[in-house]
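Structure file work30.txt with compact mmCIF, C-alpha atoms and all ligand atoms:
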```
# COMPACT_ATOMS: atom_id res chain seq x y z
CA MET A 1 -5.23 29.71 -12.72
CA LEU A 2 -5.31 30.55 -8.98
CA THR A 3 -3.29 32.75 -6.66
CA GLU A 4 -1.22 30.85 -4.12
CA GLN A 5 -3.70 31.76 -1.40
CA GLU A 6 -6.67 30.55 -3.46
CA ALA A 7 -4.84 27.35 -4.32
CA ASN A 8 -4.09 26.67 -0.65
CA LYS A 9 -7.73 27.28 0.26
CA LEU A 10 -9.00 24.94 -2.46
CA GLU A 11 -6.47 22.28 -1.51
CA ALA A 12 -7.59 22.41 2.13
CA GLU A 13 -11.22 22.03 1.02
CA LEU A 14 -10.36 19.09 -1.21
CA ILE A 15 -8.44 17.32 1.55
CA ALA A 16 -11.35 17.80 3.98
CA PHE A 17 -13.86 16.54 1.41
CA ARG A 18 -11.75 13.51 0.57
CA ARG A 19 -11.21 12.59 4.22
CA ASP A 20 -14.95 12.71 4.83
CA LEU A 21 -15.54 10.32 1.91
CA HIS A 22 -12.72 8.14 3.20
CA ARG A 23 -14.33 7.84 6.63
CA PHE A 24 -17.66 6.75 5.18
CA PRO A 25 -16.95 4.51 2.19
CA GLU A 26 -19.80 2.78 0.40
CA LEU A 27 -19.73 -0.42 -1.66
CA SER A 28 -20.75 -0.67 -5.32
CA ASN A 29 -24.45 0.06 -5.81
CA GLU A 30 -24.76 1.45 -2.25
CA GLU A 31 -23.23 4.90 -2.85
CA VAL A 32 -26.17 6.87 -1.38
CA ARG A 33 -24.31 9.16 1.03
CA THR A 34 -21.39 9.62 -1.36
CA ALA A 35 -23.75 10.68 -4.18
CA ALA A 36 -25.53 13.12 -1.86
CA GLN A 37 -22.21 14.73 -0.83
CA ILE A 38 -21.17 15.08 -4.47
CA ALA A 39 -24.53 16.56 -5.53
CA ALA A 40 -24.47 19.05 -2.65
CA ARG A 41 -20.98 20.26 -3.58
CA LEU A 42 -21.90 20.61 -7.27
CA ARG A 43 -25.00 22.64 -6.35
CA GLU A 44 -22.84 24.92 -4.18
CA LEU A 45 -20.79 25.55 -7.32
CA GLY A 46 -23.97 26.60 -9.13
CA LEU A 47 -24.12 23.64 -11.48
CA PRO A 48 -27.37 21.90 -12.52
CA VAL A 49 -27.20 18.40 -11.04
CA LYS A 50 -28.78 15.14 -12.19
CA THR A 51 -28.83 12.32 -9.65
CA GLY A 52 -29.82 8.66 -9.89
CA VAL A 53 -28.10 8.23 -13.25
CA GLY A 54 -27.29 4.53 -13.82
CA GLY A 55 -27.89 3.77 -10.14
CA HIS A 56 -26.35 6.27 -7.73
CA GLY A 57 -24.52 8.20 -10.46
CA VAL A 58 -24.36 12.00 -10.44
CA VAL A 59 -23.93 14.15 -13.55
CA ALA A 60 -23.53 17.91 -14.00
CA ASP A 61 -22.97 20.02 -17.11
CA LEU A 62 -21.03 23.27 -17.19
CA THR A 63 -22.14 25.06 -20.34
CA GLY A 64 -19.80 27.65 -21.78
CA LYS A 65 -20.73 31.05 -23.17
CA LEU A 66 -20.24 29.93 -26.78
CA PRO A 67 -21.19 26.65 -28.47
CA GLY A 68 -18.50 24.02 -28.94
CA PRO A 69 -17.66 20.39 -28.25
CA THR A 70 -18.84 18.52 -25.17
CA ILE A 71 -16.04 16.97 -23.17
CA ALA A 72 -16.80 14.51 -20.39
CA LEU A 73 -14.63 13.98 -17.31
CA ARG A 74 -15.37 10.84 -15.31
CA ALA A 75 -14.60 9.74 -11.75
CA ASP A 76 -15.67 6.52 -10.04
CA ILE A 77 -17.03 6.77 -6.50
CA ASP A 78 -17.38 3.31 -4.91
CA ALA A 79 -15.33 1.46 -2.27
CA LEU A 80 -14.27 -2.14 -1.60
CA PRO A 81 -15.12 -4.89 0.92
CA ILE A 82 -11.75 -4.58 2.72
CA ALA A 83 -11.13 -3.85 6.42
CA GLU A 84 -8.83 -0.81 6.61
CA GLN A 85 -5.61 -1.21 8.63
CA THR A 86 -3.95 2.18 8.08
CA ASN A 87 -4.73 3.71 11.50
CA LEU A 88 -5.12 7.07 9.79
CA PRO A 89 -7.11 9.60 11.85
CA PHE A 90 -9.68 9.58 9.03
CA ALA A 91 -9.65 5.79 8.48
CA SER A 92 -12.89 4.10 7.48
CA GLU A 93 -15.58 4.05 10.16
CA VAL A 94 -17.57 1.46 8.22
CA PRO A 95 -16.55 -2.05 9.29
CA GLY A 96 -15.19 -4.12 6.41
CA VAL A 97 -15.46 -1.34 3.82
CA MET A 98 -12.57 0.81 2.61
CA HIS A 99 -11.66 3.21 -0.16
CA ALA A 100 -8.71 0.93 -0.89
CA CYS A 101 -8.73 1.76 -4.60
CA GLY A 102 -8.68 5.51 -3.98
CA HIS A 103 -11.99 6.27 -5.68
CA ASP A 104 -12.44 8.90 -2.93
CA VAL A 105 -9.39 10.56 -4.50
CA HIS A 106 -10.91 10.38 -8.00
CA THR A 107 -14.21 11.85 -6.79
CA THR A 108 -12.45 14.71 -5.01
CA VAL A 109 -10.16 15.45 -7.96
CA LEU A 110 -13.16 15.77 -10.26
CA LEU A 111 -14.99 18.04 -7.80
CA GLY A 112 -11.79 20.10 -7.61
CA ALA A 113 -11.85 20.45 -11.40
CA ALA A 114 -15.49 21.54 -11.20
CA ALA A 115 -14.54 24.14 -8.58
CA LEU A 116 -11.69 25.44 -10.76
CA LEU A 117 -13.91 25.66 -13.84
CA ALA A 118 -17.23 26.80 -12.36
CA GLY A 119 -16.26 30.46 -12.59
CA SER A 120 -14.87 30.13 -16.12
CA ARG A 121 -18.16 29.81 -18.02
CA ASP A 122 -17.47 33.03 -19.93
CA ARG A 123 -14.12 31.69 -21.10
CA LEU A 124 -15.48 28.44 -22.56
CA ALA A 125 -16.77 27.50 -26.01
CA GLY A 126 -18.44 24.16 -25.36
CA THR A 127 -19.66 22.06 -22.47
CA VAL A 128 -17.95 20.12 -19.72
CA ARG A 129 -19.85 17.10 -18.41
CA PHE A 130 -18.81 15.92 -14.95
CA ILE A 131 -19.63 12.21 -14.56
CA PHE A 132 -19.53 10.64 -11.09
CA GLN A 133 -19.91 6.93 -11.71
CA PRO A 134 -21.02 4.33 -9.16
CA ALA A 135 -20.24 0.60 -9.20
CA GLU A 136 -16.89 0.53 -10.96
CA GLU A 137 -15.65 -2.34 -8.78
CA SER A 138 -18.64 -4.46 -9.74
CA VAL A 139 -18.07 -3.49 -13.40
CA THR A 140 -21.69 -2.44 -13.89
CA GLY A 141 -21.68 1.34 -13.37
CA ALA A 142 -20.31 2.59 -16.69
CA LYS A 143 -22.64 0.38 -18.73
CA ARG A 144 -25.68 1.55 -16.79
CA MET A 145 -24.75 5.22 -17.01
CA ILE A 146 -24.28 4.89 -20.76
CA ALA A 147 -27.69 3.19 -21.00
CA ASP A 148 -29.09 6.20 -19.12
CA GLY A 149 -27.71 8.50 -21.83
CA VAL A 150 -24.67 9.96 -20.06
CA LEU A 151 -22.70 10.06 -23.33
CA GLU A 152 -25.40 11.79 -25.39
CA GLY A 153 -23.75 14.69 -27.20
CA VAL A 154 -20.31 13.85 -25.78
CA ASP A 155 -17.37 14.25 -28.18
CA GLU A 156 -14.49 13.12 -25.97
CA ILE A 157 -14.04 11.59 -22.53
CA TYR A 158 -11.19 11.59 -20.02
CA GLY A 159 -10.68 9.78 -16.75
CA LEU A 160 -7.89 8.90 -14.35
CA HIS A 161 -6.80 6.40 -11.75
CA ASN A 162 -4.54 7.22 -8.83
CA TRP A 163 -1.32 5.20 -9.06
CA PRO A 164 0.57 4.33 -5.85
CA THR A 165 3.78 3.23 -7.60
CA LEU A 166 4.02 6.63 -9.30
CA PRO A 167 5.19 9.44 -6.97
CA ALA A 168 2.72 12.26 -6.30
CA GLY A 169 3.37 15.13 -8.70
CA LYS A 170 3.81 12.82 -11.68
CA VAL A 171 1.29 11.94 -14.37
CA SER A 172 1.50 8.94 -16.66
CA GLY A 173 -0.28 7.54 -19.67
CA LYS A 174 0.13 6.28 -23.19
CA PRO A 175 -1.79 6.11 -26.46
CA GLY A 176 -3.24 2.74 -27.49
CA ILE A 177 -3.55 -0.28 -25.17
CA PHE A 178 -3.46 0.84 -21.54
CA HIS A 179 -5.55 -1.49 -19.33
CA ALA A 180 -6.36 -5.13 -20.12
CA ALA A 181 -9.65 -6.75 -21.07
CA THR A 182 -10.95 -8.48 -17.95
CA ASP A 183 -13.07 -11.63 -17.90
CA ARG A 184 -14.28 -13.98 -15.20
CA ILE A 185 -14.31 -17.76 -15.22
CA GLU A 186 -16.35 -20.07 -13.04
CA ILE A 187 -15.57 -23.77 -13.25
CA VAL A 188 -17.54 -26.55 -11.55
CA ILE A 189 -15.79 -29.92 -11.50
CA SER A 190 -18.19 -32.75 -10.73
CA GLY A 191 -17.21 -36.29 -9.81
CA ARG A 192 -18.58 -38.93 -7.49
CA GLY A 193 -18.12 -38.43 -3.76
CA GLY A 194 -17.42 -41.09 -1.19
CA HIS A 195 -15.11 -42.35 1.53
CA GLY A 196 -11.60 -40.94 1.57
CA SER A 197 -10.22 -44.40 2.26
CA MET A 198 -11.82 -45.85 -0.89
CA PRO A 199 -10.82 -43.54 -3.76
CA ASP A 200 -11.30 -46.33 -6.30
CA GLN A 201 -15.04 -46.15 -5.65
CA CYS A 202 -15.08 -42.38 -6.19
CA HIS A 203 -14.34 -39.99 -9.04
CA ASP A 204 -12.24 -37.50 -7.11
CA PRO A 205 -12.93 -33.87 -8.14
CA ILE A 206 -10.21 -32.57 -5.77
CA VAL A 207 -7.43 -34.30 -7.69
CA ALA A 208 -9.10 -33.35 -10.98
CA ALA A 209 -9.29 -29.70 -9.84
CA ALA A 210 -5.59 -29.70 -8.93
CA ALA A 211 -4.74 -31.01 -12.40
CA VAL A 212 -7.08 -28.50 -14.09
CA ILE A 213 -5.50 -25.57 -12.22
CA THR A 214 -2.02 -26.67 -13.21
CA GLY A 215 -3.13 -27.41 -16.78
CA LEU A 216 -4.68 -23.96 -17.20
CA GLN A 217 -1.24 -22.42 -16.68
CA SER A 218 -0.08 -24.01 -19.93
CA ILE A 219 -2.54 -21.90 -21.93
CA VAL A 220 -0.50 -18.72 -21.52
CA SER A 221 2.88 -20.44 -21.78
CA ARG A 222 2.06 -22.86 -24.65
CA GLU A 223 -0.90 -21.51 -26.61
CA ILE A 224 -0.48 -17.72 -26.68
CA THR A 225 1.97 -16.39 -29.25
CA PRO A 226 5.13 -15.23 -27.48
CA GLY A 227 5.01 -11.43 -27.38
CA GLN A 228 1.25 -11.43 -26.94
CA HIS A 229 -0.11 -11.02 -23.43
CA ALA A 230 -2.59 -12.92 -21.30
CA VAL A 231 -3.10 -13.93 -17.67
CA VAL A 232 -5.15 -16.84 -16.32
CA SER A 233 -5.34 -16.79 -12.51
CA ILE A 234 -7.49 -19.01 -10.33
CA GLY A 235 -8.50 -16.99 -7.27
CA SER A 236 -10.79 -19.31 -5.34
CA ILE A 237 -11.19 -23.05 -4.74
CA HIS A 238 -14.11 -24.43 -2.81
CA GLY A 239 -14.68 -28.12 -2.26
CA GLY A 240 -15.13 -30.57 0.55
CA LEU A 241 -15.95 -30.25 4.23
CA ALA A 242 -14.23 -33.19 5.96
CA ASN A 243 -10.73 -34.60 5.87
CA ASN A 244 -11.88 -38.15 5.12
CA VAL A 245 -14.59 -37.45 2.56
CA ILE A 246 -14.08 -37.13 -1.16
CA PRO A 247 -16.60 -34.45 -2.16
CA ALA A 248 -18.91 -34.68 -5.16
CA SER A 249 -17.78 -31.39 -6.66
CA VAL A 250 -15.27 -28.53 -6.51
CA GLU A 251 -15.87 -24.94 -7.59
CA LEU A 252 -13.16 -22.68 -8.96
CA THR A 253 -13.29 -19.04 -9.94
CA GLY A 254 -10.64 -17.06 -11.75
CA THR A 255 -9.77 -13.97 -13.73
CA VAL A 256 -8.60 -13.85 -17.32
CA ARG A 257 -6.79 -10.84 -18.78
CA SER A 258 -5.69 -9.99 -22.30
CA TYR A 259 -4.86 -6.99 -24.47
CA SER A 260 -5.80 -7.90 -28.03
CA ASP A 261 -9.25 -8.89 -29.27
CA LYS A 262 -7.67 -11.81 -31.13
CA VAL A 263 -6.16 -13.32 -27.98
CA ARG A 264 -9.33 -12.60 -26.00
CA GLU A 265 -11.48 -14.43 -28.56
CA GLN A 266 -9.31 -17.56 -28.30
CA LEU A 267 -9.36 -17.86 -24.53
CA PRO A 268 -12.86 -19.27 -23.86
CA GLU A 269 -12.33 -22.29 -26.16
CA ARG A 270 -8.88 -22.97 -24.71
CA ILE A 271 -9.99 -22.79 -21.11
CA GLU A 272 -13.06 -24.92 -21.82
CA ARG A 273 -11.00 -27.56 -23.68
CA VAL A 274 -8.21 -27.80 -21.11
CA ALA A 275 -10.60 -27.89 -18.15
CA SER A 276 -13.07 -30.38 -19.60
CA GLN A 277 -10.54 -32.79 -21.05
CA ILE A 278 -8.29 -32.84 -18.00
CA ALA A 279 -11.36 -33.39 -15.83
CA ALA A 280 -12.47 -36.20 -18.16
CA ALA A 281 -9.07 -37.87 -17.79
CA HIS A 282 -9.85 -38.02 -14.07
CA ARG A 283 -13.36 -39.44 -14.68
CA CYS A 284 -14.89 -36.07 -13.75
CA ARG A 285 -16.75 -33.39 -15.67
CA ALA A 286 -15.88 -29.70 -15.86
CA GLU A 287 -18.44 -27.06 -16.70
CA VAL A 288 -16.90 -23.72 -17.59
CA ASN A 289 -18.81 -20.46 -17.45
CA TYR A 290 -16.78 -17.77 -19.24
CA ILE A 291 -18.12 -14.29 -18.45
CA HIS A 292 -16.93 -11.40 -20.61
CA GLN A 293 -16.65 -8.42 -18.28
CA VAL A 294 -14.70 -5.43 -19.60
CA HIS A 295 -13.04 -4.57 -22.88
CA ALA A 296 -9.43 -3.31 -22.86
CA VAL A 297 -8.87 0.41 -22.23
CA ILE A 298 -7.54 1.69 -25.56
CA ASN A 299 -6.57 5.34 -25.58
CA ASP A 300 -7.32 7.46 -28.62
CA GLU A 301 -4.13 8.90 -30.17
CA GLN A 302 -5.39 12.47 -30.43
CA CYS A 303 -6.99 12.55 -26.96
CA SER A 304 -3.77 11.09 -25.51
CA ARG A 305 -1.71 13.82 -27.14
CA ARG A 306 -4.05 16.52 -25.83
CA LEU A 307 -4.02 15.08 -22.33
CA ARG A 308 -0.25 14.82 -22.31
CA GLN A 309 0.20 18.42 -23.50
CA SER A 310 -2.12 19.79 -20.80
CA ALA A 311 -0.65 17.55 -18.08
CA GLU A 312 2.88 18.64 -18.97
CA ARG A 313 1.83 22.28 -18.65
CA VAL A 314 0.73 21.51 -15.08
CA VAL A 315 3.46 19.18 -13.80
CA GLY A 316 6.30 19.91 -16.24
CA SER A 317 7.46 17.58 -19.01
CA GLU A 318 10.00 16.02 -16.62
CA ASN A 319 7.09 14.73 -14.54
CA TRP A 320 5.27 13.07 -17.42
CA VAL A 321 5.98 9.31 -17.45
CA GLU A 322 5.24 7.32 -20.59
CA ALA A 323 3.39 4.30 -19.18
CA GLU A 324 3.76 0.57 -19.68
CA PRO A 325 0.28 -0.94 -20.03
CA THR A 326 -1.15 -2.82 -17.05
CA MET A 327 -3.06 -6.09 -16.81
CA GLY A 328 -5.47 -4.31 -14.44
CA GLY A 329 -8.99 -3.77 -15.75
CA GLU A 330 -11.10 -0.60 -15.71
CA ASP A 331 -14.69 -0.14 -16.80
CA PHE A 332 -13.77 3.24 -18.33
CA ALA A 333 -13.32 1.02 -21.41
CA PHE A 334 -17.10 1.01 -21.94
CA TYR A 335 -17.11 4.76 -22.57
CA GLN A 336 -14.23 4.41 -25.03
CA LEU A 337 -16.26 1.94 -27.07
CA GLU A 338 -18.70 4.82 -27.69
CA VAL A 339 -16.54 7.97 -27.93
CA PRO A 340 -12.80 8.67 -28.24
CA GLY A 341 -11.13 9.15 -24.90
CA CYS A 342 -8.03 8.91 -22.78
CA PHE A 343 -7.50 7.31 -19.39
CA PHE A 344 -4.38 8.19 -17.42
CA TRP A 345 -2.65 7.71 -14.07
CA LEU A 346 -2.15 10.32 -11.38
CA GLY A 347 0.83 9.72 -9.08
CA THR A 348 -0.25 9.17 -5.47
CA GLY A 349 2.79 7.34 -4.18
CA PRO A 350 5.57 8.48 -1.86
CA HIS A 351 8.46 10.29 -3.49
CA GLU A 352 10.99 7.75 -2.27
CA ASN A 353 10.64 4.03 -2.88
CA ALA A 354 7.36 4.40 -4.72
CA GLU A 355 7.62 0.76 -5.70
CA ASN A 356 7.33 -0.19 -2.01
CA ALA A 357 4.05 1.66 -1.61
CA HIS A 358 1.07 -0.41 -0.52
CA GLY A 359 -0.81 -1.02 -3.71
CA LEU A 360 -4.40 -0.59 -4.76
CA HIS A 361 -6.81 -2.94 -2.94
CA SER A 362 -4.40 -3.28 0.01
CA PRO A 363 -5.81 -2.70 3.54
CA LEU A 364 -2.72 -0.50 4.07
CA PHE A 365 -3.24 1.62 0.94
CA VAL A 366 -2.53 5.32 1.57
CA ALA A 367 -2.68 8.09 -1.05
CA ASP A 368 -0.49 11.20 -0.95
CA GLU A 369 -3.09 13.97 -0.84
CA ALA A 370 -0.78 16.31 -2.78
CA CYS A 371 -2.29 14.58 -5.82
CA LEU A 372 -5.71 16.14 -5.25
CA LEU A 373 -4.92 19.66 -6.45
CA THR A 374 -2.56 18.33 -9.13
CA GLY A 375 -5.26 16.07 -10.58
CA ALA A 376 -7.93 18.79 -10.43
CA THR A 377 -5.58 21.23 -12.17
CA VAL A 378 -4.73 18.72 -14.91
CA PHE A 379 -8.44 18.18 -15.65
CA ALA A 380 -9.20 21.92 -15.56
CA THR A 381 -6.19 22.77 -17.74
CA LEU A 382 -7.23 20.15 -20.26
CA ILE A 383 -10.68 21.74 -20.47
CA LEU A 384 -9.33 25.30 -20.81
CA ASP A 385 -6.86 24.11 -23.47
CA ARG A 386 -9.64 22.33 -25.39
CA LEU A 387 -12.59 24.68 -24.90
CA GLY A 388 -11.03 28.00 -23.90
CA ILE A 389 -12.15 30.90 -26.11
CA LYS A 390 -9.16 32.06 -28.12
CA GLU A 391 -8.88 35.82 -27.95
CA GLU A 392 -8.54 37.45 -31.38
CA GLY A 393 -5.46 39.58 -31.75
CA GLY A 394 -4.06 38.30 -28.46
CA ASP A 395 -0.48 37.15 -28.14
NI NI B 401 -10.08 1.59 -9.00
```

Once you've parsed the file, please lay out its structure as structure tokens.
Amino acid sequence: MLTEQEANKLEAELIAFRRDLHRFPELSNEEVRTAAQIAARLRELGLPVKTGVGGHGVVADLTGKLPGPTIALRADIDALPIAEQTNLPFASEVPGVMHACGHDVHTTVLLGAAALLAGSRDRLAGTVRFIFQPAEESVTGAKRMIADGVLEGVDEIYGLHNWPTLPAGKVSGKPGIFHAATDRIEIVISGRGGHGSMPDQCHDPIVAAAAVITGLQSIVSREITPGQHAVVSIGSIHGGLANNVIPASVELTGTVRSYSDKVREQLPERIERVASQIAAAHRCRAEVNYIHQVHAVINDEQCSRRLRQSAERVVGSENWVEAEPTMGGEDFAFYQLEVPGCFFWLGTGPHENAENAHGLHSPLFVADEACLLTGATVFATLILDRLGIKEEGGD
């Protein structure tokens, strides 16, 4: 695709672009500078750019010489409310905000693919749509971009996530279930507050909350069919202000994960029943708000096969890793509800002891930048394999 010299030049550009994004991360729905940088780079490549799609989203189409399918490639662009601790020379300069999920990597990889393909218009039968999506972390970006028509005319969609426990140079994926459905629960346990020395005169929501949290753990172990998968994790507890006061209420929030629709459908009733009846046993009341957030990422068989074939041509079949699905969520799932697609992982971990790498959402998260050119080449190869004009009489 490129001479060694051209590849080195592009890689240097990608690293510089990514480090700039890394220094100035922006939270979900605030991606103003990031979007401007992306749009400017796409315009330099001669592509027509649409901005303000679904918030701060940016979209560009590369239309081939001949008609053909439209294939979308998607990257997410937002950062997280985490204070970076890496001490990298290009560490975040925005207090309390960090690209700790590597969406700066995804953005740069997709721009790299655009750079590799921009000069190939004459070799393409079909259209490539580059989708730069805001607000993935807040799980609102994909939905809003779809509402703004980003999938109109799209036949297939592909996207990736960097993966710190997979060494750089490797690519991983699987057909079928890949990322879990992700839901949020909010539980308010109300009792009757009073003096800590007189619990008999109170209905203690602290003790009720402790029992509810423990009781919720029995849903996965006792109510989900063994072999099926689910997670119920409580992530926050807020209640009380003083050591000697029984508060009137306690608030809990948590995350609920599942793979199958059947399991997912059962979870709201189970959580509601366990929480409310355990609270009632403690003379308290539990109100459960179950918020459906993201469907599971389910990879289309044919798209998965195509992605794997192209990826293996780039990294070699020995560097393809058949994935185990994760309980992590990803709003790429919204696109897959509309069109067939495949989501995959790009290795960004160290070559040795990848399992000891600091994971996604860690303040110490570091990505191996060797992944940038690899990821861009995988995307570009996929497009040339899918849309490349086959020469008649060629070999
Ligand atoms: Ni992410």

Query raised in the report: Distance CA of Leu27 (chain A)-CA of Glu136 (chain A), one decimal place?
Result: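 Between CA of Leu27 (chain A) and CA of Glu136 (chain A) the gap works out to 9.8 Å.
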
**Report entry** Using all atoms listed in the file: which of A:Gln336, A:Ser138, A:Ser276, A:Asn29 has the shortest distance to ligand NI 401 (chain B)
**Finding:**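 Of A:Gln336, A:Ser138, A:Ser276, A:Asn29, the one nearest ligand NI 401 (chain B), counting all atoms listed in the file, is A:Ser138.
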
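Take the candidates A:Gly68, A:Gly329, A:Gly359, A:Gly52 and check each one against Ala36 (chain A) using all atoms listed in the file; the shortest distance goes to A:Gly52.
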
Report summary line: One residue among A:Ile298, A:Ile38, A:Leu160, A:Ala367 is nearest to ligand NI 401 (chain B) when using all atoms listed in the file, and that residue is A:Leu160

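Counting only C-alpha atoms and comparing A:Leu364, A:Val32, A:Val109, A:Ala114, the residue that lies closest to Ile82 (chain A) is A:Leu364.
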
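Taking all atoms listed in the file into account, the protein, DNA and RNA residues within 8 Å of (-12.1, 7.1, -25.5) read Glu156, Ile157, Tyr158, Ile298, Asn299, Asp300, Cys303, Ala333, Tyr335, Gln336, Leu337, Glu338, Val339, Pro340, Gly341, Cys342 and Phe343 of chain A.
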
**Report entry** Closest of A:Asp204, A:Asp331, A:Asp104, A:Asp61 to Pro247 (chain A) - atom-to-atom distances counting only C-alpha atoms
**Finding:**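 Checking each candidate against Pro247 (chain A), we get A:Asp204 as the closest.
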
Query raised in the report: With all atoms listed in the file as the basis for distance, which of A:Ser304, A:Thr86, A:Asn8, A:Ser120 is at the shortest distance from Gly388 (chain A)?
Result: A:Ser120

For region 161-174 of chain A in the structure I just supplied, write out N, CA, C and O atoms - as an mmCIF file, in the first residue's frame.
```
data_model
loop_
_atom_site.group_PDB
_atom_site.id
_atom_site.type_symbol
_atom_site.label_atom_id
_atom_site.label_comp_id
_atom_site.auth_asym_id
_atom_site.auth_seq_id
_atom_site.Cartn_x
_atom_site.Cartn_y
_atom_site.Cartn_z
ATOM 1 N N HIS A 161 -11.980 -1.095 19.071
ATOM 2 C CA HIS A 161 -11.517 -0.536 20.340
ATOM 3 C C HIS A 161 -10.094 -0.993 20.566
ATOM 4 O O HIS A 161 -9.763 -2.149 20.288
ATOM 5 N N ASN A 162 -9.250 -0.080 21.042
ATOM 6 C CA ASN A 162 -7.895 -0.488 21.418
ATOM 7 C C ASN A 162 -8.003 -1.416 22.620
ATOM 8 O O ASN A 162 -8.931 -1.293 23.426
ATOM 9 N N TRP A 163 -7.063 -2.347 22.747
ATOM 10 C CA TRP A 163 -7.198 -3.376 23.791
ATOM 11 C C TRP A 163 -5.851 -3.574 24.490
ATOM 12 O O TRP A 163 -4.928 -4.167 23.934
ATOM 13 N N PRO A 164 -5.711 -3.048 25.710
ATOM 14 C CA PRO A 164 -4.404 -3.028 26.386
ATOM 15 C C PRO A 164 -3.886 -4.408 26.796
ATOM 16 O O PRO A 164 -2.687 -4.566 26.996
ATOM 17 N N THR A 165 -4.774 -5.404 26.921
ATOM 18 C CA THR A 165 -4.278 -6.735 27.295
ATOM 19 C C THR A 165 -3.926 -7.569 26.057
ATOM 20 O O THR A 165 -3.572 -8.736 26.175
ATOM 21 N N LEU A 166 -4.025 -6.947 24.893
ATOM 22 C CA LEU A 166 -3.626 -7.601 23.642
ATOM 23 C C LEU A 166 -2.390 -6.851 23.140
ATOM 24 O O LEU A 166 -2.427 -5.625 22.986
ATOM 25 N N PRO A 167 -1.261 -7.557 22.913
ATOM 26 C CA PRO A 167 -0.053 -6.846 22.487
ATOM 27 C C PRO A 167 -0.259 -6.096 21.167
ATOM 28 O O PRO A 167 -1.014 -6.556 20.302
ATOM 29 N N ALA A 168 0.395 -4.946 21.033
ATOM 30 C CA ALA A 168 0.350 -4.196 19.772
ATOM 31 C C ALA A 168 0.824 -5.112 18.650
ATOM 32 O O ALA A 168 1.747 -5.913 18.841
ATOM 33 N N GLY A 169 0.185 -4.991 17.489
ATOM 34 C CA GLY A 169 0.513 -5.867 16.366
ATOM 35 C C GLY A 169 -0.477 -7.008 16.214
ATOM 36 O O GLY A 169 -0.475 -7.703 15.204
ATOM 37 N N LYS A 170 -1.322 -7.193 17.252
ATOM 38 C CA LYS A 170 -2.336 -8.247 17.159
ATOM 39 C C LYS A 170 -3.718 -7.635 16.998
ATOM 40 O O LYS A 170 -3.961 -6.500 17.443
ATOM 41 N N VAL A 171 -4.599 -8.380 16.380
ATOM 42 C CA VAL A 171 -5.982 -7.960 16.179
ATOM 43 C C VAL A 171 -6.861 -9.117 16.639
ATOM 44 O O VAL A 171 -6.497 -10.285 16.468
ATOM 45 N N SER A 172 -8.000 -8.771 17.240
ATOM 46 C CA SER A 172 -8.838 -9.810 17.831
ATOM 47 C C SER A 172 -10.311 -9.500 17.595
ATOM 48 O O SER A 172 -10.719 -8.344 17.550
ATOM 49 N N GLY A 173 -11.099 -10.541 17.475
ATOM 50 C CA GLY A 173 -12.535 -10.358 17.314
ATOM 51 C C GLY A 173 -13.205 -11.705 17.292
ATOM 52 O O GLY A 173 -12.567 -12.735 17.501
ATOM 53 N N LYS A 174 -14.497 -11.683 17.076
ATOM 54 C CA LYS A 174 -15.257 -12.931 16.955
ATOM 55 C C LYS A 174 -16.620 -12.629 16.365
ATOM 56 O O LYS A 174 -17.147 -11.528 16.568
#
```
